[in-house]
>>> print(open('query-v1.txt').read())   # compact mmCIF, C-alpha atoms
# COMPACT_ATOMS: atom_id res chain seq x y z
CA MET A 25 80.51 144.91 370.21
CA THR A 26 82.55 141.77 369.52
CA ARG A 27 85.75 141.06 371.44
CA LEU A 28 87.92 141.55 368.36
CA THR A 29 86.56 144.99 367.52
CA SER A 30 86.46 146.07 371.16
CA GLU A 31 90.09 145.15 371.88
CA LEU A 32 91.42 146.50 368.60
CA ALA A 33 89.57 149.78 369.14
CA GLY A 34 90.87 150.06 372.69
CA PHE A 35 94.42 149.38 371.54
CA ALA A 36 94.21 151.91 368.71
CA ALA A 37 92.72 154.70 370.80
CA GLY A 38 94.22 154.07 374.22
CA PRO A 39 97.60 154.57 375.90
CA VAL A 40 100.34 152.17 374.87
CA ALA A 41 103.68 151.16 376.35
CA THR A 42 105.90 150.81 373.31
CA SER A 43 109.22 148.98 373.56
CA ALA A 44 112.47 150.73 372.67
CA ALA A 45 113.08 148.11 369.97
CA ALA A 46 109.65 148.64 368.43
CA ARG A 47 110.14 152.42 368.40
CA LEU A 48 113.53 152.14 366.70
CA ILE A 49 112.27 149.66 364.11
CA ALA A 50 109.24 151.86 363.42
CA ALA A 51 111.53 154.87 362.90
CA LEU A 52 113.62 152.80 360.49
CA SER A 53 110.45 151.85 358.64
CA VAL A 54 109.53 155.52 358.28
CA LEU A 55 113.02 156.23 356.89
CA ASP A 56 112.73 153.21 354.58
CA TRP A 57 109.23 154.28 353.46
CA PHE A 58 110.38 157.85 352.80
CA SER A 59 113.37 156.62 350.79
CA VAL A 60 111.54 154.17 348.54
CA GLY A 61 108.74 156.71 348.02
CA HIS A 62 111.15 159.48 347.10
CA ALA A 63 112.99 157.13 344.72
CA GLY A 64 109.74 156.02 343.09
CA ALA A 65 108.17 159.45 342.67
CA GLU A 66 108.77 159.58 338.92
CA GLU A 67 107.59 156.06 338.11
CA PRO A 68 104.76 155.96 335.53
CA VAL A 69 102.15 154.94 338.10
CA SER A 70 103.34 157.77 340.37
CA LEU A 71 102.98 160.39 337.67
CA ILE A 72 99.49 159.17 336.77
CA ILE A 73 98.09 159.08 340.30
CA ARG A 74 99.59 162.46 341.22
CA ASP A 75 98.33 164.07 338.01
CA MET A 76 94.79 162.80 338.61
CA VAL A 77 94.66 164.14 342.18
CA LEU A 78 96.19 167.51 341.30
CA SER A 79 93.78 167.95 338.39
CA GLU A 80 90.88 167.71 340.85
CA GLY A 81 92.14 170.57 343.01
CA GLY A 82 90.98 170.89 346.60
CA ALA A 83 92.42 172.10 349.89
CA ALA A 84 96.21 171.79 350.15
CA GLN A 85 96.17 169.87 353.43
CA ALA A 86 99.06 167.43 352.99
CA HIS A 87 102.17 167.20 350.81
CA LEU A 88 102.77 164.70 348.02
CA PHE A 89 105.84 162.80 346.92
CA GLY A 90 107.12 164.65 343.88
CA GLY A 91 105.75 168.04 344.88
CA SER A 92 102.59 170.03 345.62
CA ALA A 93 99.82 169.25 348.13
CA ALA A 94 96.26 167.92 348.18
CA PRO A 95 93.40 167.10 350.56
CA ALA A 96 94.47 164.64 353.25
CA ARG A 97 92.70 161.54 351.94
CA ALA A 98 93.90 162.28 348.38
CA ALA A 99 97.46 162.74 349.67
CA ALA A 100 97.23 159.35 351.39
CA LEU A 101 96.09 157.79 348.10
CA VAL A 102 98.98 159.35 346.17
CA ASN A 103 101.70 158.69 348.75
CA GLY A 104 100.57 155.13 349.43
CA THR A 105 100.64 154.33 345.72
CA ILE A 106 103.98 156.02 345.08
CA SER A 107 105.74 154.43 348.05
CA HIS A 108 104.80 150.97 346.78
CA ALA A 109 105.64 151.74 343.13
CA LEU A 110 109.09 150.14 343.37
CA ASP A 111 107.89 147.26 345.59
CA TYR A 112 110.98 147.90 347.71
CA ASP A 113 109.23 148.57 351.03
CA ASP A 114 109.07 146.44 354.17
CA THR A 115 107.19 143.14 354.49
CA HIS A 116 105.71 141.28 357.45
CA PHE A 117 105.34 137.56 356.87
CA ALA A 118 102.73 137.01 359.60
CA HIS A 119 100.70 139.85 358.10
CA ILE A 120 101.47 138.55 354.56
CA GLY A 121 101.75 142.11 353.37
CA HIS A 122 103.51 145.45 353.40
CA PRO A 123 102.61 147.46 356.54
CA SER A 124 104.36 150.78 355.92
CA VAL A 125 102.90 151.75 352.56
CA ALA A 126 99.32 151.49 353.81
CA VAL A 127 99.76 152.98 357.28
CA ILE A 128 102.44 155.69 357.13
CA PRO A 129 100.81 157.74 354.31
CA ALA A 130 97.56 157.87 356.28
CA ALA A 131 99.38 158.79 359.50
CA LEU A 132 101.46 161.49 357.84
CA ALA A 133 98.47 163.08 356.10
CA MET A 134 96.54 163.21 359.37
CA ALA A 135 99.54 164.44 361.40
CA GLU A 136 100.21 167.20 358.89
CA LEU A 137 96.53 168.18 358.82
CA HIS A 138 96.46 168.53 362.61
CA GLU A 139 99.95 170.12 362.85
CA LEU A 140 101.29 167.36 365.11
CA PRO A 141 104.87 166.54 366.12
CA LEU A 142 106.82 163.67 364.59
CA VAL A 143 106.81 161.75 367.85
CA ASP A 144 103.02 161.48 367.64
CA LEU A 145 103.22 160.44 364.00
CA GLN A 146 105.72 157.68 364.76
CA GLU A 147 103.74 156.32 367.70
CA ALA A 148 100.52 156.28 365.67
CA ALA A 149 102.27 154.63 362.72
CA LEU A 150 103.68 151.96 365.03
CA VAL A 151 100.23 151.29 366.52
CA GLY A 152 98.66 151.19 363.06
CA MET A 153 101.29 148.86 361.63
CA GLU A 154 101.01 146.57 364.65
CA LEU A 155 97.23 146.51 364.27
CA SER A 156 97.51 145.70 360.56
CA VAL A 157 99.69 142.71 361.43
CA ARG A 158 97.12 141.59 364.01
CA VAL A 159 94.29 141.90 361.50
CA GLY A 160 96.41 140.00 358.99
CA LEU A 161 96.76 137.17 361.51
CA TRP A 162 93.00 137.22 362.11
CA LEU A 163 92.30 136.96 358.39
CA GLY A 164 94.90 134.22 357.94
CA ARG A 165 96.54 132.58 354.95
CA GLU A 166 93.31 131.40 353.32
CA HIS A 167 92.28 135.03 352.83
CA TYR A 168 95.54 135.65 350.97
CA GLN A 169 95.47 132.36 349.05
CA THR A 170 91.91 133.09 347.89
CA GLY A 171 93.23 136.16 346.11
CA PHE A 172 92.98 139.10 348.50
CA HIS A 173 95.94 141.45 348.87
CA GLN A 174 96.45 141.93 352.60
CA THR A 175 98.47 145.10 352.14
CA ALA A 176 95.16 146.55 351.01
CA THR A 177 92.72 144.70 353.28
CA ALA A 178 94.45 144.33 356.65
CA GLY A 179 96.43 147.45 355.81
CA ALA A 180 93.28 149.57 355.58
CA PHE A 181 92.45 148.79 359.21
CA GLY A 182 96.00 149.74 360.23
CA ALA A 183 95.72 153.00 358.29
CA ALA A 184 92.40 153.74 359.99
CA ALA A 185 93.88 153.02 363.41
CA ALA A 186 96.84 155.37 362.87
CA ALA A 187 94.69 158.15 361.42
CA GLY A 188 92.06 157.79 364.14
CA ARG A 189 94.65 157.85 366.89
CA LEU A 190 96.10 161.11 365.56
CA ALA A 191 92.60 162.56 365.29
CA GLY A 192 92.04 161.80 368.99
CA LEU A 193 89.13 159.38 368.53
CA THR A 194 87.65 157.50 371.45
CA PRO A 195 87.47 153.68 371.46
CA ASP A 196 83.76 153.86 370.57
CA GLN A 197 84.53 156.14 367.63
CA MET A 198 87.38 153.85 366.57
CA ALA A 199 84.97 150.92 366.51
CA GLN A 200 82.77 152.94 364.16
CA VAL A 201 85.83 153.63 362.01
CA PHE A 202 86.63 149.92 361.81
CA GLY A 203 83.03 149.18 360.90
CA LEU A 204 83.19 151.68 358.08
CA THR A 205 86.63 150.45 357.00
CA ALA A 206 85.19 146.94 356.75
CA THR A 207 82.84 148.07 354.01
CA ARG A 208 85.60 149.94 352.11
CA ALA A 209 88.76 147.83 352.45
CA ALA A 210 89.61 146.14 349.14
CA GLY A 211 92.46 144.88 346.99
CA LEU A 212 93.16 141.81 344.85
CA LYS A 213 96.34 139.86 344.11
CA VAL A 214 95.25 139.64 340.47
CA GLN A 215 96.76 143.14 340.18
CA PHE A 216 100.28 141.88 340.95
CA GLY A 217 102.66 142.80 338.16
CA THR A 218 100.60 145.85 337.16
CA MET A 219 100.06 149.41 338.37
CA GLY A 220 97.12 148.01 340.32
CA LYS A 221 99.41 146.54 343.00
CA PRO A 222 100.79 149.86 344.30
CA TYR A 223 97.35 151.38 343.82
CA ASN A 224 96.07 148.82 346.34
CA ALA A 225 98.35 150.36 348.97
CA GLY A 226 97.08 153.83 348.12
CA ILE A 227 93.48 152.67 348.41
CA ALA A 228 94.16 151.32 351.91
CA ALA A 229 95.82 154.54 353.09
CA SER A 230 93.05 156.72 351.66
CA CYS A 231 90.35 154.46 353.11
CA GLY A 232 91.78 154.91 356.61
CA VAL A 233 91.79 158.70 356.38
CA GLU A 234 88.32 158.84 354.84
CA ALA A 235 86.73 156.59 357.46
CA VAL A 236 88.18 158.69 360.28
CA GLN A 237 87.09 162.00 358.77
CA LEU A 238 83.55 160.71 358.28
CA VAL A 239 83.24 159.38 361.84
CA GLN A 240 84.60 162.68 363.17
CA ARG A 241 81.62 164.33 361.49
CA GLY A 242 79.09 161.97 363.09
CA PHE A 243 78.90 159.27 360.42
CA VAL A 244 77.44 156.07 361.87
CA ALA A 245 78.35 152.56 360.70
CA ASN A 246 77.91 149.08 362.11
CA PRO A 247 80.74 148.70 364.64
CA ASP A 248 80.50 144.91 364.39
CA ALA A 249 81.16 144.75 360.65
CA MET A 250 84.43 142.86 361.06
CA GLU A 251 83.07 139.66 362.63
CA GLY A 252 79.83 137.70 362.36
CA PRO A 253 78.36 135.50 359.62
CA THR A 254 78.17 138.34 357.09
CA GLY A 255 81.07 140.42 358.39
CA PHE A 256 84.33 141.25 356.66
CA GLY A 257 86.17 138.15 357.85
CA ALA A 258 83.54 135.65 356.79
CA ILE A 259 82.86 137.28 353.42
CA HIS A 260 86.56 137.60 352.65
CA HIS A 261 87.52 134.01 353.54
CA GLY A 262 89.14 134.99 356.81
CA ALA A 263 90.14 132.39 359.37
CA GLY A 264 88.54 134.44 362.14
CA ASP A 265 91.15 133.46 364.74
CA SER A 266 90.65 136.23 367.28
CA ASP A 267 92.86 134.54 369.87
CA ALA A 268 95.91 134.60 367.60
CA ALA A 269 95.22 138.18 366.59
CA LEU A 270 94.79 139.52 370.11
CA ASP A 271 97.33 137.46 372.04
CA GLY A 272 99.62 139.87 373.89
CA ILE A 273 98.33 142.96 372.11
CA GLY A 274 99.72 146.10 373.75
CA GLU A 275 102.50 144.09 375.41
CA THR A 276 104.14 142.10 372.63
CA TRP A 277 104.99 144.04 369.47
CA LEU A 278 104.76 141.68 366.51
CA PHE A 279 105.84 144.53 364.26
CA GLU A 280 109.38 144.03 365.57
CA GLN A 281 109.54 141.01 363.23
CA VAL A 282 109.07 143.17 360.12
CA SER A 283 111.48 142.38 357.31
CA HIS A 284 113.10 145.29 355.50
CA LYS A 285 114.12 144.66 351.91
CA PHE A 286 117.85 144.95 351.33
CA HIS A 287 117.74 143.84 347.71
CA ALA A 288 115.68 145.61 345.04
CA CYS A 289 113.88 142.48 343.90
CA CYS A 290 111.08 140.08 344.87
CA HIS A 291 111.19 139.21 348.57
CA GLY A 292 111.14 135.53 347.61
CA LEU A 293 114.73 135.92 346.40
CA HIS A 294 116.08 137.57 349.52
CA ALA A 295 116.82 134.47 351.60
CA ALA A 296 118.95 133.07 348.78
CA LEU A 297 120.81 136.36 348.37
CA GLU A 298 121.41 136.59 352.12
CA ALA A 299 122.81 133.04 352.05
CA ALA A 300 125.07 134.08 349.16
CA ARG A 301 126.43 136.96 351.28
CA SER A 302 128.08 134.42 353.57
CA LEU A 303 129.86 132.51 350.77
CA ASP A 304 132.87 133.20 348.59
CA ILE A 305 131.15 132.96 345.23
CA ALA A 306 132.89 135.58 343.12
CA GLU A 307 132.45 134.69 339.45
CA PRO A 308 135.97 133.34 338.72
CA GLU A 309 135.67 130.76 341.51
CA LEU A 310 132.08 129.67 340.88
CA ALA A 311 131.57 126.48 338.89
CA GLU A 312 128.03 125.43 339.88
CA MET A 313 125.27 126.52 342.24
CA ALA A 314 122.11 124.73 343.35
CA VAL A 315 119.32 126.68 345.03
CA LYS A 316 116.60 125.11 347.14
CA THR A 317 113.52 127.16 348.00
CA HIS A 318 109.95 126.78 349.18
CA PRO A 319 107.62 125.52 346.38
CA ARG A 320 105.57 128.73 346.54
CA TRP A 321 108.38 130.76 345.00
CA MET A 322 108.85 128.50 341.98
CA SER A 323 105.91 130.16 340.21
CA VAL A 324 106.61 133.64 341.55
CA CYS A 325 110.29 134.45 341.12
CA ASN A 326 111.90 131.70 339.08
CA GLN A 327 112.03 133.25 335.61
CA PRO A 328 114.86 131.29 333.94
CA ALA A 329 116.26 133.86 331.49
CA PRO A 330 114.67 137.32 331.77
CA THR A 331 115.70 140.04 329.34
CA THR A 332 114.37 143.07 331.22
CA GLY A 333 115.19 144.69 334.54
CA LEU A 334 111.71 143.93 335.83
CA GLY A 335 112.04 140.29 334.85
CA ALA A 336 115.41 140.10 336.59
CA LYS A 337 113.69 141.02 339.87
CA PHE A 338 111.83 137.72 339.67
CA SER A 339 114.68 135.37 338.76
CA TYR A 340 116.83 133.32 341.17
CA ARG A 341 119.36 132.48 338.49
CA THR A 342 119.74 136.09 337.39
CA VAL A 343 120.08 137.77 340.79
CA LEU A 344 122.53 135.17 342.09
CA ALA A 345 124.62 135.51 338.94
CA MET A 346 124.47 139.30 339.42
CA TRP A 347 125.69 138.90 342.98
CA ALA A 348 128.61 136.69 341.92
CA LEU A 349 129.56 139.20 339.22
CA GLY A 350 129.66 142.05 341.72
CA TYR A 351 126.47 143.88 340.81
CA ASP A 352 124.91 145.65 343.81
CA THR A 353 121.51 144.00 344.20
CA ALA A 354 120.38 146.82 346.51
CA ARG A 355 120.63 149.40 343.72
CA LEU A 356 117.70 150.04 341.42
CA ASP A 357 119.92 150.58 338.39
CA SER A 358 121.41 147.09 338.71
CA TYR A 359 118.18 145.71 337.25
CA SER A 360 118.29 146.70 333.60
CA GLU A 361 118.24 145.32 330.08
CA LYS A 362 121.96 146.06 329.85
CA VAL A 363 122.75 143.87 332.85
CA CYS A 364 120.45 141.12 331.56
CA ALA A 365 122.39 141.19 328.26
CA ASP A 366 125.80 140.79 329.95
CA PRO A 367 127.36 137.67 328.32
CA ARG A 368 129.19 136.88 331.57
CA LEU A 369 125.82 136.72 333.30
CA HIS A 370 124.46 134.37 330.64
CA ARG A 371 127.39 131.98 331.06
CA LEU A 372 127.15 131.96 334.83
CA ARG A 373 123.36 131.71 334.92
CA ASP A 374 123.51 128.47 332.96
CA HIS A 375 125.38 126.85 335.85
CA ILE A 376 122.72 127.73 338.44
CA THR A 377 119.80 125.37 339.11
CA VAL A 378 116.69 125.98 341.22
CA GLU A 379 114.50 123.35 342.84
CA ALA A 380 111.59 123.25 345.26
CA ASP A 381 112.04 121.81 348.73
CA GLU A 382 108.91 121.30 350.84
CA THR A 383 110.99 120.99 354.01
CA LEU A 384 111.87 124.68 353.78
CA SER A 385 109.60 127.47 354.98
CA GLU A 386 108.64 130.41 352.76
CA THR A 387 111.33 132.51 354.43
CA GLN A 388 114.17 130.02 353.99
CA ALA A 389 116.61 129.13 351.21
CA HIS A 390 119.60 126.81 350.90
CA LEU A 391 122.58 127.15 348.56
CA SER A 392 125.08 124.49 347.52
CA VAL A 393 128.09 125.88 345.65
CA LEU A 394 130.90 124.07 343.84
CA ARG A 395 134.03 126.17 343.37
CA ARG A 396 136.41 125.64 340.48
CA ASP A 397 139.04 124.37 342.90
CA GLY A 398 136.68 121.50 343.80
CA GLN A 399 135.65 122.89 347.18
CA ARG A 400 131.93 122.60 347.97
CA LEU A 401 130.27 125.27 350.12
CA GLU A 402 126.84 125.21 351.79
CA ALA A 403 124.80 128.04 353.26
CA SER A 404 121.23 128.55 354.46
CA HIS A 405 119.31 131.62 355.53
CA ASP A 406 115.95 132.30 357.12
CA LEU A 407 114.52 135.81 356.82
CA MET A 408 112.83 135.28 360.18
CA GLU A 409 116.20 135.16 361.92
CA PRO A 410 116.31 138.35 363.96
CA LEU A 411 118.83 141.02 363.05
CA SER A 412 120.47 142.89 365.86
CA LEU A 413 119.13 146.42 366.15
CA ALA A 414 122.53 147.83 365.28
CA THR A 415 122.80 145.70 362.14
CA ARG A 416 119.26 146.52 361.07
CA GLU A 417 119.87 150.24 361.52
CA GLU A 418 123.14 150.05 359.59
CA ARG A 419 121.57 148.20 356.65
CA VAL A 420 118.37 150.28 356.44
CA ARG A 421 120.38 153.50 356.53
CA ALA A 422 122.79 152.20 353.89
CA LYS A 423 119.85 151.31 351.65
CA SER A 424 118.32 154.74 352.21
CA ALA A 425 121.61 156.44 351.29
CA LYS A 426 121.72 154.54 348.01
CA LEU A 427 118.17 155.66 347.19
CA ILE A 428 118.18 159.34 348.20
CA GLY A 429 121.83 160.17 348.88
CA THR A 430 123.82 160.06 352.10
CA GLN A 431 123.24 163.67 353.14
CA ALA A 432 119.47 163.58 352.63
CA SER A 433 119.22 160.21 354.35
CA ASP A 434 121.22 161.39 357.37
CA GLU A 435 119.08 164.52 357.63
CA ILE A 436 115.82 162.56 357.57
CA TRP A 437 117.14 160.09 360.14
CA SER A 438 118.23 162.93 362.42
CA LEU A 439 114.80 164.52 362.10
CA LEU A 440 113.10 161.25 363.03
CA ARG A 441 115.34 160.63 366.03
CA THR A 442 115.57 164.15 367.45
CA GLY A 443 112.03 165.34 366.86
CA GLY A 444 110.32 168.09 364.98
CA SER A 445 107.01 168.40 363.25
CA ALA A 446 105.29 166.10 360.79
CA ALA A 447 105.13 169.10 358.47
CA GLU A 448 108.95 169.16 358.29
CA LEU A 449 109.05 165.55 357.11
CA ALA A 450 106.22 166.18 354.67
CA ALA A 451 107.96 169.21 353.20
CA ARG A 452 111.11 167.13 352.60
CA MET A 453 108.93 164.49 350.94
CA ALA A 454 107.65 167.02 348.40
CA GLU A 455 111.15 168.17 347.34
>>> encode(input="query-v1.txt", output="structure tokens")
Amino acid sequence: MTRLTSELAGFAAGPVATSAAARLIAALSVLDWFSVGHAGAEEPVSLIIRDMVLSEGGAAQAHLFGGSAAPARAAALVNGTISHALDYDDTHFAHIGHPSVAVIPAALAMAELHELPLVDLQEAALVGMELSVRVGLWLGREHYQTGFHQTATAGAFGAAAAAGRLAGLTPDQMAQVFGLTATRAAGLKVQFGTMGKPYNAGIAASCGVEAVQLVQRGFVANPDAMEGPTGFGAIHHGAGDSDAALDGIGETWLFEQVSHKFHACCHGLHAALEAARSLDIAEPELAEMAVKTHPRWMSVCNQPAPTTGLGAKFSYRTVLAMWALGYDTARLDSYSEKVCADPRLHRLRDHITVEADETLSETQAHLSVLRRDGQRLEASHDLMEPLSLATREERVRAKSAKLIGTQASDEIWSLLRTGGSAAELAARMAE
């Protein structure tokens, strides 16, 4: 067995010493995942995927967002897809993907199937999300730039790790699971902007559950299918940097650097919006604004004059004009055709310019603002700047309250922090 597979399998199946910070951030990610999934349960892609699974029937092993229950691997498919339907879930920039939507649905389905407590679910989800980040580092940027969606590829290994841990697999069995996952993990960036993107997350979650359930039954795969000249990494344009992937595993929790979305739009816009939070740019005082961003985002989220809510989520000029006009960029209903048609927004948007700056990283943005009184203001923000745990908790819980209501959000958070069963969380998910 190669070093990569051996160490990942040992980490996934063995005892871990989790940090208090990692546990809190993982709990916040479960709350965040629950909230965006619940809010997205009636999206068109959500209705389609749930209808397909329910039409097939099968054992009611795990609950679904939006109601009813299905076999565990089908539930993971549905809940992974639904929780990524709004694209409002957490992101890890080292992983280059969304950890929660691939891992948590697999962990919850397996925890519910085995009637496990929430503390076990949260630990397994943390281990799985950490492992998905590590696999993302191993695959590297070329894998992503080639066209693979790491939420689906690296995420499938994280889902398998979480599901396998909850099933009580040994390290040798976990290696078999990773070998089988290597032949199933899939997802392409060409699906971005379509229902195929959230489906990629569902595929990853379902793959993890399926691989574990097969290995539990004695299914045998090549445990070295990740590395080697014809392994997953080589075939999928992975960098194959095992040292970077394994450095400090089990001691340093890279997942602590996860970035939660606090604005309901493309993550490429968030650094600019966070910079705007620190400036006095209310519409009456704003004369001009110049935005500098990494060149990558110019082709991703720089639509100049969108007319739809979806288009607004990919437009620097629109979201910054929205912010100056007092629209709440954390609310889903702020992104609408009505808002895009606001004549005040049109006037303000025309005074905002966007340009690429190669000196900035992908997580940075810089704003230069001219007020009508002649005062010039400057602000920069880097999404990699750590938030204090108290601030992160406050902002994730505030976002959750906007999505599912304050009472429901507080109840879910209390459940996560005080304990209970995975079945209790799942039952709330199906409401």
>>> closest_residue(input="query-v1.txt", among="A:Glu275, A:Glu66, A:Glu234, A:Glu307", to="A:Pro39", atoms="only C-alpha atoms")
A:Glu275
>>> atom_distance(input="query-v1.txt", atom1="atom CA of A:Ser445", atom2="atom CA of A:Val127")
18.1 Å
>>> atom_distance(input="query-v1.txt", atom1="atom CA of A:Ala249", atom2="atom CA of A:His167")
16.7 Å
>>> residues_near_point(input="query-v1.txt", point="(98.7, 145.3, 349.5)", cutoff="7 Å", atoms="only C-alpha atoms", output="list in words")
Gly121, His122, His173, Gln174, Thr175, Ala176, Gly211, Lys221, Asn224 and Ala225 of chain A
>>> write_last_selection(input="query-v1.txt", atoms="C-alpha atoms", output="CSV table (one decimal), in the coordinates of the input")
chain,number,residue,atom,x,y,z
A,121,GLY,CA,101.8,142.1,353.4
A,122,HIS,CA,103.5,145.4,353.4
A,173,HIS,CA,95.9,141.4,348.9
A,174,GLN,CA,96.4,141.9,352.6
A,175,THR,CA,98.5,145.1,352.1
A,176,ALA,CA,95.2,146.6,351.0
A,211,GLY,CA,92.5,144.9,347.0
A,221,LYS,CA,99.4,146.5,343.0
A,224,ASN,CA,96.1,148.8,346.3
A,225,ALA,CA,98.4,150.4,349.0
>>> atom_distance(input="query-v1.txt", atom1="atom CA of A:Ile227", atom2="atom CA of A:Asp56")
20.2 Å
>>> residues_around(input="query-v1.txt", residues="stretch 342-354 of chain A", least_positions_apart="6", cutoff="10 Å", atoms="only C-alpha atoms", output="ChimeraX atom specification")
/A:112,285-289,293-294,296-297,300-301,303-310,313,315,326-331,335-336,363-364,366,368-376,422-424,426-427
>>> decode(input="query-v1.txt", residues="stretch 307-323 of chain A", atoms="N, CA and C atoms", output="short mmCIF file (atom, residue, chain, number, x, y, z; two decimals), in the first residue's frame")
data_model
loop_
_atom_site.label_atom_id
_atom_site.label_comp_id
_atom_site.auth_asym_id
_atom_site.auth_seq_id
_atom_site.Cartn_x
_atom_site.Cartn_y
_atom_site.Cartn_z
N GLU A 307 -25.21 55.13 -0.51
CA GLU A 307 -25.42 55.66 -1.87
C GLU A 307 -25.33 57.19 -1.98
N PRO A 308 -25.91 57.98 -1.06
CA PRO A 308 -25.84 59.43 -1.26
C PRO A 308 -24.42 59.99 -1.26
N GLU A 309 -23.50 59.30 -0.55
CA GLU A 309 -22.13 59.81 -0.44
C GLU A 309 -21.20 59.26 -1.51
N LEU A 310 -21.62 58.24 -2.24
CA LEU A 310 -20.72 57.55 -3.16
C LEU A 310 -20.73 58.22 -4.53
N ALA A 311 -19.56 58.66 -4.96
CA ALA A 311 -19.43 59.26 -6.30
C ALA A 311 -18.84 58.26 -7.29
N GLU A 312 -17.74 57.60 -6.89
CA GLU A 312 -17.08 56.63 -7.76
C GLU A 312 -16.49 55.50 -6.92
N MET A 313 -16.35 54.33 -7.54
CA MET A 313 -15.69 53.21 -6.88
C MET A 313 -14.89 52.43 -7.90
N ALA A 314 -13.65 52.08 -7.55
CA ALA A 314 -12.81 51.24 -8.39
C ALA A 314 -12.50 49.96 -7.62
N VAL A 315 -12.69 48.84 -8.27
CA VAL A 315 -12.46 47.53 -7.65
C VAL A 315 -11.29 46.86 -8.35
N LYS A 316 -10.36 46.36 -7.57
CA LYS A 316 -9.27 45.56 -8.10
C LYS A 316 -9.41 44.14 -7.57
N THR A 317 -9.22 43.16 -8.46
CA THR A 317 -9.42 41.76 -8.09
C THR A 317 -8.45 40.88 -8.86
N HIS A 318 -8.31 39.65 -8.42
CA HIS A 318 -7.44 38.72 -9.13
C HIS A 318 -7.98 38.47 -10.54
N PRO A 319 -7.10 38.33 -11.55
CA PRO A 319 -7.57 38.14 -12.94
C PRO A 319 -8.54 36.97 -13.12
N ARG A 320 -8.42 35.94 -12.28
CA ARG A 320 -9.30 34.77 -12.43
C ARG A 320 -10.77 35.16 -12.41
N TRP A 321 -11.11 36.12 -11.54
CA TRP A 321 -12.52 36.44 -11.32
C TRP A 321 -13.12 37.29 -12.43
N MET A 322 -12.28 37.85 -13.30
CA MET A 322 -12.81 38.72 -14.34
C MET A 322 -13.73 37.97 -15.31
N SER A 323 -13.48 36.69 -15.50
CA SER A 323 -14.31 35.90 -16.41
C SER A 323 -15.36 35.08 -15.67
#
